[in-house]
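Chemist: Just one file: upload-v3.txt, with compact mmCIF, C-alpha atoms.
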```txt
# COMPACT_ATOMS: atom_id res chain seq x y z
CA MET I 1 7.55 -8.31 32.12
CA SER I 2 8.46 -4.91 30.69
CA ALA I 3 5.89 -2.46 29.36
CA LEU I 4 7.14 -3.21 25.86
CA ALA I 5 6.72 -6.97 26.34
CA HIS I 6 3.21 -6.31 27.68
CA ALA I 7 2.36 -4.29 24.59
CA ILE I 8 3.70 -7.02 22.29
CA ALA I 9 1.68 -9.65 24.15
CA GLY I 10 -1.36 -7.36 23.99
CA GLU I 11 -1.06 -6.92 20.23
CA GLU I 12 -0.71 -10.68 19.78
CA ALA I 13 -3.82 -11.19 21.91
CA ALA I 14 -5.72 -8.56 19.92
CA ILE I 15 -4.87 -10.25 16.63
CA TYR I 16 -6.00 -13.56 18.08
CA ALA I 17 -9.26 -11.96 19.29
CA TYR I 18 -9.98 -10.51 15.84
CA GLY I 19 -9.54 -13.99 14.42
CA LEU I 20 -12.00 -15.40 16.94
CA ALA I 21 -14.53 -12.62 16.50
CA GLY I 22 -14.31 -12.43 12.73
CA ALA I 23 -16.48 -15.47 12.16
CA ARG I 24 -19.36 -13.92 14.13
CA LEU I 25 -19.29 -10.38 12.83
CA ALA I 26 -21.87 -9.05 10.41
CA SER I 27 -20.67 -8.65 6.86
CA THR I 28 -21.15 -4.90 7.23
CA ASP I 29 -18.42 -4.96 9.90
CA ARG I 30 -15.95 -6.73 7.65
CA ASP I 31 -14.06 -3.58 6.63
CA ARG I 32 -13.87 -2.39 10.21
CA ALA I 33 -12.50 -5.76 11.30
CA LEU I 34 -9.96 -5.94 8.49
CA GLY I 35 -8.86 -2.40 9.24
CA GLY I 36 -8.42 -3.20 12.91
CA LEU I 37 -6.51 -6.36 12.14
CA ALA I 38 -4.16 -4.56 9.74
CA ALA I 39 -3.53 -1.82 12.30
CA HIS I 40 -2.66 -4.33 15.00
CA ARG I 41 -0.34 -6.25 12.69
CA ALA I 42 1.49 -3.03 11.80
CA ARG I 43 1.83 -2.04 15.46
CA LEU I 44 3.06 -5.52 16.38
CA LEU I 45 5.80 -5.36 13.75
CA GLN I 46 6.77 -1.90 14.98
CA LEU I 47 6.97 -3.10 18.59
CA ARG I 48 8.98 -6.19 17.68
CA GLU I 49 11.45 -4.02 15.84
CA LEU I 50 11.71 -1.81 18.89
CA ALA I 51 12.29 -4.81 21.13
CA GLY I 52 14.88 -6.46 18.94
CA THR I 53 14.71 -10.20 18.51
CA SER I 54 16.54 -10.96 21.73
CA ALA I 55 13.88 -9.27 23.83
CA LEU I 56 10.93 -11.08 22.30
CA PRO I 57 8.72 -12.87 24.77
CA GLY I 58 7.95 -16.48 24.08
CA ALA I 59 5.27 -17.09 21.51
CA PRO I 60 1.93 -17.56 23.21
CA GLY I 61 0.73 -21.12 23.13
CA GLY I 62 -2.92 -20.18 22.91
CA TYR I 63 -5.39 -18.21 24.95
CA ASP I 64 -8.05 -19.35 27.30
CA VAL I 65 -10.69 -17.37 25.47
CA ALA I 66 -14.05 -18.78 24.46
CA PRO I 67 -15.03 -17.97 20.90
CA PRO I 68 -17.92 -15.51 20.89
CA ALA I 69 -21.26 -17.24 20.29
CA ASP I 70 -22.92 -14.44 18.38
CA GLU I 71 -22.40 -11.01 16.89
CA PRO I 72 -22.99 -8.96 20.07
CA GLN I 73 -20.46 -11.11 21.93
CA ALA I 74 -17.98 -10.72 19.10
CA ARG I 75 -18.31 -6.92 19.18
CA ALA I 76 -18.09 -6.88 22.97
CA LEU I 77 -14.94 -9.00 22.88
CA LEU I 78 -13.25 -6.61 20.47
CA ALA I 79 -14.38 -3.51 22.38
CA ASP I 80 -12.95 -5.03 25.55
CA VAL I 81 -9.65 -6.05 23.96
CA GLU I 82 -9.19 -2.63 22.35
CA SER I 83 -9.91 -0.68 25.50
CA ARG I 84 -7.56 -2.83 27.57
CA LEU I 85 -4.86 -2.46 24.96
CA ALA I 86 -5.28 1.33 25.13
CA ALA I 87 -4.33 1.12 28.81
CA THR I 88 -1.37 -1.12 27.97
CA TYR I 89 -0.15 1.53 25.54
CA ALA I 90 -0.54 4.22 28.19
CA ASP I 91 1.81 2.12 30.34
CA LEU I 92 4.22 1.93 27.42
CA ALA I 93 4.03 5.72 27.05
CA ALA I 94 5.00 6.00 30.71
CA ALA I 95 7.99 3.71 30.19
CA THR I 96 9.35 5.41 27.07
CA SER I 97 10.28 8.88 25.86
CA GLY I 98 10.56 10.89 22.65
CA ASP I 99 9.10 9.41 19.47
CA GLU I 100 8.50 6.05 21.11
CA ARG I 101 6.30 7.70 23.70
CA VAL I 102 4.39 9.69 21.08
CA ASN I 103 3.79 6.48 19.11
CA ALA I 104 2.56 4.69 22.22
CA ALA I 105 0.18 7.57 23.09
CA LEU I 106 -1.16 7.65 19.52
CA ALA I 107 -1.61 3.88 19.57
CA ALA I 108 -3.63 4.24 22.79
CA CYS I 109 -5.89 6.77 21.03
CA GLU I 110 -6.36 4.47 18.04
CA CYS I 111 -7.26 1.51 20.25
CA GLU I 112 -9.87 3.53 22.12
CA VAL I 113 -11.39 4.81 18.87
CA ARG I 114 -11.74 1.20 17.71
CA ALA I 115 -13.21 0.21 21.08
CA ILE I 116 -15.93 2.84 20.57
CA GLY I 117 -16.40 1.62 16.99
CA TRP I 118 -17.19 -1.86 18.35
CA GLY I 119 -19.80 -0.40 20.64
CA GLY I 120 -17.75 0.20 23.78
CA GLU I 121 -18.94 2.95 26.13
CA PRO I 122 -16.83 6.10 26.38
CA GLU I 123 -14.45 5.90 29.34
CA ALA I 124 -12.63 8.59 31.29
CA PHE I 125 -9.60 6.28 31.67
CA PRO I 126 -9.78 3.56 29.02
CA GLY I 127 -9.17 0.04 30.21
CA ARG I 128 -8.90 1.07 33.84
CA MET X 129 -5.01 -18.85 14.97
CA GLY X 130 -5.16 -22.18 16.80
CA ASN X 131 -8.32 -23.48 18.34
CA PRO X 132 -9.04 -22.08 21.74
CA ALA X 133 -8.70 -24.35 24.69
CA PRO X 134 -11.81 -26.45 25.28
CA ASP X 135 -13.82 -26.06 28.45
CA SER X 136 -13.56 -22.30 28.60
CA PRO X 137 -17.18 -21.44 28.00
CA SER X 138 -17.97 -18.61 30.35
CA SER X 139 -17.59 -14.98 29.52
CA ILE X 140 -16.08 -14.50 32.95
CA SER X 141 -13.16 -16.73 32.13
CA ARG X 142 -12.78 -14.96 28.82
CA ARG X 143 -12.66 -11.59 30.51
CA ALA X 144 -10.30 -12.87 33.14
CA ALA X 145 -8.01 -14.37 30.55
CA LEU X 146 -7.98 -11.19 28.54
CA ALA X 147 -7.33 -9.19 31.65
CA ILE X 148 -4.20 -11.22 32.17
CA ILE X 149 -3.12 -11.24 28.56
CA VAL X 150 -3.93 -7.74 27.49
CA GLY X 151 -4.50 -5.59 30.49
CA ALA X 152 -1.82 -6.69 32.88
CA GLY X 153 -1.47 -3.03 33.44
CA VAL X 154 -0.15 -0.65 35.99
CA ALA X 155 0.53 -2.76 39.02
CA ALA X 156 2.51 -5.42 37.22
CA CYS X 157 4.38 -2.99 35.11
CA THR X 158 7.36 -1.16 36.45
CA PRO X 159 7.78 2.16 34.71
CA ALA X 160 11.18 2.09 33.13
CA GLY X 161 11.25 5.83 32.49
CA GLU X 162 14.39 7.23 33.94
CA PRO X 163 13.93 9.69 36.78
CA SER X 164 14.56 13.19 35.63
CA PRO X 165 18.06 14.52 36.17
CA ASP X 166 16.86 17.85 37.51
CA ALA X 167 14.01 17.01 39.82
CA SER X 168 13.01 20.51 40.85
CA SER X 169 12.70 22.08 37.41
CA THR X 170 11.01 19.06 35.86
CA SER X 171 8.47 18.87 38.66
CA ASP X 172 7.79 22.58 38.06
CA THR X 173 7.21 21.82 34.39
CA ASP X 174 4.95 18.91 35.22
CA ALA X 175 2.99 21.04 37.68
CA LEU X 176 2.48 23.61 34.95
CA THR X 177 1.38 20.89 32.52
CA ARG X 178 -1.11 19.58 35.05
CA SER X 179 -2.67 22.98 35.64
CA ASP X 180 -2.72 23.88 31.94
CA VAL X 181 -4.38 20.63 30.93
CA ALA X 182 -6.81 20.82 33.85
CA ALA X 183 -7.83 24.33 32.73
CA GLN X 184 -8.46 22.97 29.22
CA GLU X 185 -10.55 20.16 30.70
CA TRP X 186 -12.70 22.69 32.58
CA MET X 187 -13.16 24.61 29.32
CA LEU X 188 -14.46 21.41 27.73
CA VAL X 189 -16.83 20.99 30.68
CA ALA X 190 -18.13 24.52 30.02
CA MET X 191 -18.57 23.70 26.33
CA TYR X 192 -20.64 20.64 27.20
CA ASP X 193 -22.70 22.65 29.69
CA ALA X 194 -23.57 25.10 26.92
CA ALA X 195 -24.36 22.27 24.50
CA ILE X 196 -26.55 20.52 27.07
CA ALA X 197 -28.47 23.71 27.78
CA ALA X 198 -29.12 24.14 24.06
CA GLN X 199 -29.96 20.47 23.39
CA PRO X 200 -31.90 19.06 26.33
CA SER X 201 -32.81 15.96 24.32
CA LYS X 202 -29.17 14.88 24.38
CA VAL X 203 -28.72 15.50 28.09
CA ASP X 204 -27.84 11.93 29.12
CA GLU X 205 -25.30 11.30 26.42
CA LEU X 206 -23.63 14.70 26.70
CA THR X 207 -23.64 14.69 30.49
CA SER X 208 -21.73 11.43 30.63
CA LEU X 209 -19.03 12.84 28.36
CA ARG X 210 -18.96 16.10 30.31
CA ASP X 211 -18.52 14.21 33.60
CA GLN X 212 -15.54 12.34 32.20
CA HIS X 213 -13.80 15.66 31.59
CA ILE X 214 -14.40 16.50 35.23
CA GLU X 215 -12.75 13.18 36.11
CA HIS X 216 -9.80 14.13 33.89
CA ALA X 217 -9.40 17.50 35.62
CA GLN X 218 -9.65 15.93 39.05
CA ALA X 219 -7.07 13.27 38.19
CA LEU X 220 -4.75 16.11 37.22
CA GLY X 221 -5.21 17.58 40.68
CA SER X 222 -7.79 20.28 39.95
CA ALA X 223 -10.86 19.99 42.15
CA ALA X 224 -12.80 22.87 40.62
CA PRO X 225 -12.50 25.31 37.72
CA GLY X 226 -10.33 28.33 38.35
CA GLY X 227 -12.00 31.67 39.00
CA SER X 228 -11.11 32.96 35.56
CA ALA X 229 -13.03 30.30 33.67
CA SER X 230 -14.63 32.17 30.84
CA PRO X 231 -18.21 31.35 29.92
CA VAL X 232 -18.80 29.79 26.53
CA SER X 233 -20.30 32.45 24.30
CA ALA X 234 -22.42 30.24 22.04
CA ALA X 235 -23.63 26.67 22.35
CA PRO X 236 -21.39 24.39 20.26
CA ASP X 237 -23.03 22.01 17.81
CA ARG X 238 -22.03 18.38 17.50
CA ALA X 239 -19.35 19.01 14.89
CA GLN X 240 -17.75 21.62 17.12
CA LEU X 241 -17.72 19.19 20.04
CA VAL X 242 -16.06 16.58 17.82
CA ALA X 243 -13.45 19.12 16.73
CA ALA X 244 -12.81 20.19 20.32
CA GLU X 245 -12.36 16.59 21.46
CA LEU X 246 -9.97 15.82 18.60
CA GLN X 247 -7.93 18.92 19.35
CA ALA X 248 -7.88 18.03 23.04
CA SER X 249 -6.69 14.51 22.23
CA ARG X 250 -3.85 15.84 20.07
CA ASP X 251 -2.89 18.32 22.78
CA ARG X 252 -2.79 15.53 25.39
CA VAL X 253 -0.41 13.49 23.22
CA THR X 254 1.86 16.53 22.93
CA ALA X 255 1.70 17.16 26.66
CA CYS X 256 2.38 13.45 27.27
CA SER X 257 5.53 13.64 25.19
CA ARG X 258 6.83 16.46 27.40
CA ALA X 259 5.94 14.99 30.78
CA ALA X 260 8.93 14.30 33.02
CA GLN X 261 7.18 11.95 35.43
CA PRO X 262 6.09 8.57 33.99
CA ASP X 263 2.84 8.71 35.98
CA LEU X 264 1.88 11.99 34.34
CA ALA X 265 2.78 10.61 30.90
CA ARG X 266 0.53 7.60 31.55
CA LEU X 267 -2.34 9.79 32.74
CA LEU X 268 -2.09 12.11 29.73
CA ALA X 269 -1.98 9.15 27.33
CA LEU X 270 -5.16 7.77 28.94
CA ILE X 271 -6.91 11.15 28.80
CA GLY X 272 -5.90 11.60 25.16
CA ALA X 273 -7.27 8.15 24.34
CA SER X 274 -10.49 8.92 26.20
CA GLU X 275 -10.96 12.13 24.22
CA ALA X 276 -10.23 10.43 20.89
CA GLY X 277 -12.93 7.95 21.92
CA HIS X 278 -15.32 10.81 22.74
CA ALA X 279 -14.85 12.23 19.25
CA ALA X 280 -15.53 8.82 17.70
CA PHE X 281 -18.60 8.36 19.90
CA LEU X 282 -20.02 11.76 18.93
CA LYS X 283 -19.35 11.08 15.24
CA ASP X 284 -21.01 7.64 15.38
CA GLY X 285 -24.13 8.89 17.13
CA ALA X 286 -27.05 10.55 15.43
CA PRO X 287 -26.77 14.33 15.25
```
Output the file's structure as structure tokens, nothing else.
Modeler:
Amino acid sequence: MSALAHAIAGEEAAIYAYGLAGARLASTDRDRALGGLAAHRARLLQLRELAGTSALPGAPGGYDVAPPADEPQARALLADVESRLAATYADLAAATSGDERVNAALAACECEVRAIGWGGEPEAFPGR
Amino acid sequence: MGNPAPDSPSSISRRAALAIIVGAGVAACTPAGEPSPDASSTSDTDALTRSDVAAQEWMLVAMYDAAIAAQPSKVDELTSLRDQHIEHAQALGSAAPGGSASPVSAAPDRAQLVAAELQASRDRVTACSRAAQPDLARLLALIGASEAGHAAFLKDGAP
């Protein structure tokens, strides 16, 4: 799978994870969750455009991910997804150039900021 | 948002599944970046980028040292961030600060650390965009993300 296909799959997984986690988050985290979800949707559209329809991977049939049982698990799930997606975007930066690379590097930054927002620990090399 | 598969209760399987879905990462992913046409000059440029960014990382380490000295109550939190900048410098190939590392004149406060991390993150994205070698681009993207995360962490925490 190409770095771009990985990033698309990662964004789809992140959107799925926000859906799973949303039910368990505190109401005070609602804005943060909606903001994260909107950001991932926008990035996914951007990546799909970049890929062109012919290069789209098959739609995922579902993920083997247990729904979080409580709020700490929901936050941990999102922190984990965001930090891993930051690493996926770093791979995309490596595989691209010009504006596409800048966008991928910025997306990696945004993912890591959200990971910290969900309570993730700072990392020297996010998702690695 | 369909229902998740039944019988996937453990957090280990969740992490494993996410690792596959989201983090498939370096090993599985062949960098598609085209090799540079002029290998010698681009590797010179990349070597310069590495040493420049490493020098900036050592300056951040010095900033944290000054902040830690001025705020001993925050030593654990600040030391962990400081150590990550050392990891950044080492990953760029710099084992120790250069001899000309200038001491930080005054201890930075939290807002100054946030500003320095944000500036560093922006600078890493710029350096990433100029890297010839895909591996260096990946490393700089990761370092930039780490530093954006540092800024968010410092902003979230109590002053």
Chemist: Please list as a PDB file with C-alpha atoms, in the coordinates of the input every residue within 10 Å of stretch 83-85 of chain I, counting all atoms listed in the file and excluding residues in the same chain fewer than 3 positions away.
Modeler:
```
ATOM      1  CA  HIS I   6       3.210  -6.310  27.680  1.00  0.00           C
ATOM      2  CA  ALA I   7       2.360  -4.290  24.590  1.00  0.00           C
ATOM      3  CA  ALA I   9       1.680  -9.650  24.150  1.00  0.00           C
ATOM      4  CA  GLY I  10      -1.360  -7.360  23.990  1.00  0.00           C
ATOM      5  CA  GLU I  11      -1.060  -6.920  20.230  1.00  0.00           C
ATOM      6  CA  ALA I  13      -3.820 -11.190  21.910  1.00  0.00           C
ATOM      7  CA  ALA I  14      -5.720  -8.560  19.920  1.00  0.00           C
ATOM      8  CA  LEU I  78     -13.250  -6.610  20.470  1.00  0.00           C
ATOM      9  CA  ALA I  79     -14.380  -3.510  22.380  1.00  0.00           C
ATOM     10  CA  ASP I  80     -12.950  -5.030  25.550  1.00  0.00           C
ATOM     11  CA  THR I  88      -1.370  -1.120  27.970  1.00  0.00           C
ATOM     12  CA  TYR I  89      -0.150   1.530  25.540  1.00  0.00           C
ATOM     13  CA  ALA I  90      -0.540   4.220  28.190  1.00  0.00           C
ATOM     14  CA  ASP I  91       1.810   2.120  30.340  1.00  0.00           C
ATOM     15  CA  ALA I 107      -1.610   3.880  19.570  1.00  0.00           C
ATOM     16  CA  ALA I 108      -3.630   4.240  22.790  1.00  0.00           C
ATOM     17  CA  CYS I 109      -5.890   6.770  21.030  1.00  0.00           C
ATOM     18  CA  GLU I 110      -6.360   4.470  18.040  1.00  0.00           C
ATOM     19  CA  CYS I 111      -7.260   1.510  20.250  1.00  0.00           C
ATOM     20  CA  GLU I 112      -9.870   3.530  22.120  1.00  0.00           C
ATOM     21  CA  VAL I 113     -11.390   4.810  18.870  1.00  0.00           C
ATOM     22  CA  ARG I 114     -11.740   1.200  17.710  1.00  0.00           C
ATOM     23  CA  ALA I 115     -13.210   0.210  21.080  1.00  0.00           C
ATOM     24  CA  ILE I 116     -15.930   2.840  20.570  1.00  0.00           C
ATOM     25  CA  GLY I 120     -17.750   0.200  23.780  1.00  0.00           C
ATOM     26  CA  GLU I 121     -18.940   2.950  26.130  1.00  0.00           C
ATOM     27  CA  PRO I 122     -16.830   6.100  26.380  1.00  0.00           C
ATOM     28  CA  GLU I 123     -14.450   5.900  29.340  1.00  0.00           C
ATOM     29  CA  PHE I 125      -9.600   6.280  31.670  1.00  0.00           C
ATOM     30  CA  PRO I 126      -9.780   3.560  29.020  1.00  0.00           C
ATOM     31  CA  GLY I 127      -9.170   0.040  30.210  1.00  0.00           C
ATOM     32  CA  ARG I 128      -8.900   1.070  33.840  1.00  0.00           C
TER      33      ARG I 128
ATOM     34  CA  LEU X 146      -7.980 -11.190  28.540  1.00  0.00           C
ATOM     35  CA  ALA X 147      -7.330  -9.190  31.650  1.00  0.00           C
ATOM     36  CA  ILE X 149      -3.120 -11.240  28.560  1.00  0.00           C
ATOM     37  CA  VAL X 150      -3.930  -7.740  27.490  1.00  0.00           C
ATOM     38  CA  GLY X 151      -4.500  -5.590  30.490  1.00  0.00           C
ATOM     39  CA  ALA X 152      -1.820  -6.690  32.880  1.00  0.00           C
ATOM     40  CA  GLY X 153      -1.470  -3.030  33.440  1.00  0.00           C
ATOM     41  CA  ALA X 273      -7.270   8.150  24.340  1.00  0.00           C
ATOM     42  CA  SER X 274     -10.490   8.920  26.200  1.00  0.00           C
ATOM     43  CA  GLY X 277     -12.930   7.950  21.920  1.00  0.00           C
TER      44      GLY X 277
END
```
Chemist: Please identify all polymer residues within 9 Å of X:Val189, counting only C-alpha atoms, omitting same-chain residues fewer than 4 positions from it, and present them as a PyMOL selection string.
Modeler: chain X and resi 184-185+193-194+209-214
Chemist: Excluding X:Gly226 and its own-chain neighbours fewer than 6 positions away, which residues fall within 12 Å of it when counting all atoms listed in the file? Please give them as a compact mmCIF listing (two decimals) with C-alpha atoms, in the coordinates of the input.
Modeler:
```
# COMPACT_ATOMS: atom_id res chain seq x y z
CA SER X 179 -2.67 22.98 35.64
CA ASP X 180 -2.72 23.88 31.94
CA ALA X 182 -6.81 20.82 33.85
CA ALA X 183 -7.83 24.33 32.73
CA GLN X 184 -8.46 22.97 29.22
CA GLU X 185 -10.55 20.16 30.70
CA TRP X 186 -12.70 22.69 32.58
CA MET X 187 -13.16 24.61 29.32
CA ALA X 217 -9.40 17.50 35.62
```
Chemist: Find the residues with any atom within 8 Å of (-12.9, 16.5, 21.7); use only C-alpha atoms and the coordinates as given in the file, and write the answer as a VMD selection string.
Modeler: chain X and resid 188 241 to 249 275 to 276 278 to 279
Chemist: So the first atom is atom CA of I:Ala17 and the second is atom CA of X:Ala265; what is the distance between them in Å, to one decimal place?
Modeler: 28.1 Å
Chemist: Taking all atoms listed in the file into account, name the residue in X:Ala239, X:Ala223, X:Leu206, X:Leu176 that is nearest to chain I.
Modeler: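 Smallest separation from chain I among the options: X:Leu206.
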Chemist: Restricting the calculation to only C-alpha atoms, which member of I:Ala3, I:Val65, I:Ala26, I:His40 is positioned closest to I:Arg101?
Modeler: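 Comparing I:Ala3, I:Val65, I:Ala26, I:His40 against I:Arg101, the winner is I:Ala3.
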Chemist: From the list X:Ala219, X:Ala269, X:Ala195, X:Ala224, which residue is nearest I:Asn103 when using all atoms listed in the file?
Modeler: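 For I:Asn103, the nearest of the given residues is X:Ala269.
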Chemist: Name the closest residue to I:Ser2 among the candidates I:Val81, I:Ala76, I:Ala94, I:Ala66; distances are taken between atoms, counting all atoms listed in the file.
Modeler: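 Checking each of I:Val81, I:Ala76, I:Ala94, I:Ala66 against I:Ser2, counting all atoms listed in the file, the winner is I:Ala94.
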Chemist: Counting all atoms listed in the file, what is within 10 Å of X:Gly285, bar same-chain residues fewer than 4 positions away, as a list of chain:residue names?
Modeler: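 Returned residues: X:Glu205, X:Arg238, X:Ala280, X:Phe281.
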Chemist: Those residues you just picked out, can you put them in a file as an mmCIF file, keeping the file's coordinate frame with C-alpha atoms?
Modeler:
```
data_model
loop_
_atom_site.group_PDB
_atom_site.id
_atom_site.type_symbol
_atom_site.label_atom_id
_atom_site.label_comp_id
_atom_site.auth_asym_id
_atom_site.auth_seq_id
_atom_site.Cartn_x
_atom_site.Cartn_y
_atom_site.Cartn_z
ATOM 1 C CA GLU X 205 -25.300 11.300 26.420
ATOM 2 C CA ARG X 238 -22.030 18.380 17.500
ATOM 3 C CA ALA X 280 -15.530 8.820 17.700
ATOM 4 C CA PHE X 281 -18.600 8.360 19.900
#
```
Chemist: Would you mind reading off the distance between atom CA of I:Asp70 and atom CA of X:Asp284, one decimal, in Å?
Modeler: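 Going from atom CA of I:Asp70 over to atom CA of X:Asp284 covers 22.4 Å.
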Chemist: Quick one: everything within 10 Å of I:Leu47, counting only C-alpha atoms, minus sequence neighbours fewer than 5 positions away in the same chain. Send it as a list in words.
Modeler: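 In the requested form, the answer reads Leu4, Ala5, Ala7, Ile8, Glu11, Arg41, Ala42, Gly52, Leu56, Glu100 and Ala104 of chain I.
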Chemist: Could you write out that same residue set with C-alpha atoms as a short mmCIF file (atom, residue, chain, number, x, y, z; two decimals), in the frame of the given file?
Modeler:
```
data_model
loop_
_atom_site.label_atom_id
_atom_site.label_comp_id
_atom_site.auth_asym_id
_atom_site.auth_seq_id
_atom_site.Cartn_x
_atom_site.Cartn_y
_atom_site.Cartn_z
CA LEU I 4 7.14 -3.21 25.86
CA ALA I 5 6.72 -6.97 26.34
CA ALA I 7 2.36 -4.29 24.59
CA ILE I 8 3.70 -7.02 22.29
CA GLU I 11 -1.06 -6.92 20.23
CA ARG I 41 -0.34 -6.25 12.69
CA ALA I 42 1.49 -3.03 11.80
CA GLY I 52 14.88 -6.46 18.94
CA LEU I 56 10.93 -11.08 22.30
CA GLU I 100 8.50 6.05 21.11
CA ALA I 104 2.56 4.69 22.22
#
```
Chemist: Quick one: distance from atom CA of X:Arg258 to atom CA of X:Leu282 in Å, one decimal?
Modeler: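 Taking atom CA of X:Arg258 as the start and atom CA of X:Leu282 as the end point, the length is 28.5 Å.
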Chemist: Tell me which of I:Trp118, I:Ala21, I:Leu37, I:Pro67 sits closest to chain X, counting only C-alpha atoms.
Modeler: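 Smallest separation from chain X among the options: I:Pro67.
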Chemist: May I ask which of the residues I:Glu49, I:Glu71, I:Glu82, I:Asp64 is the closest one to I:Ala23, counting all atoms listed in the file?
Modeler: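 Among the listed residues, I:Glu71 lies closest to I:Ala23.
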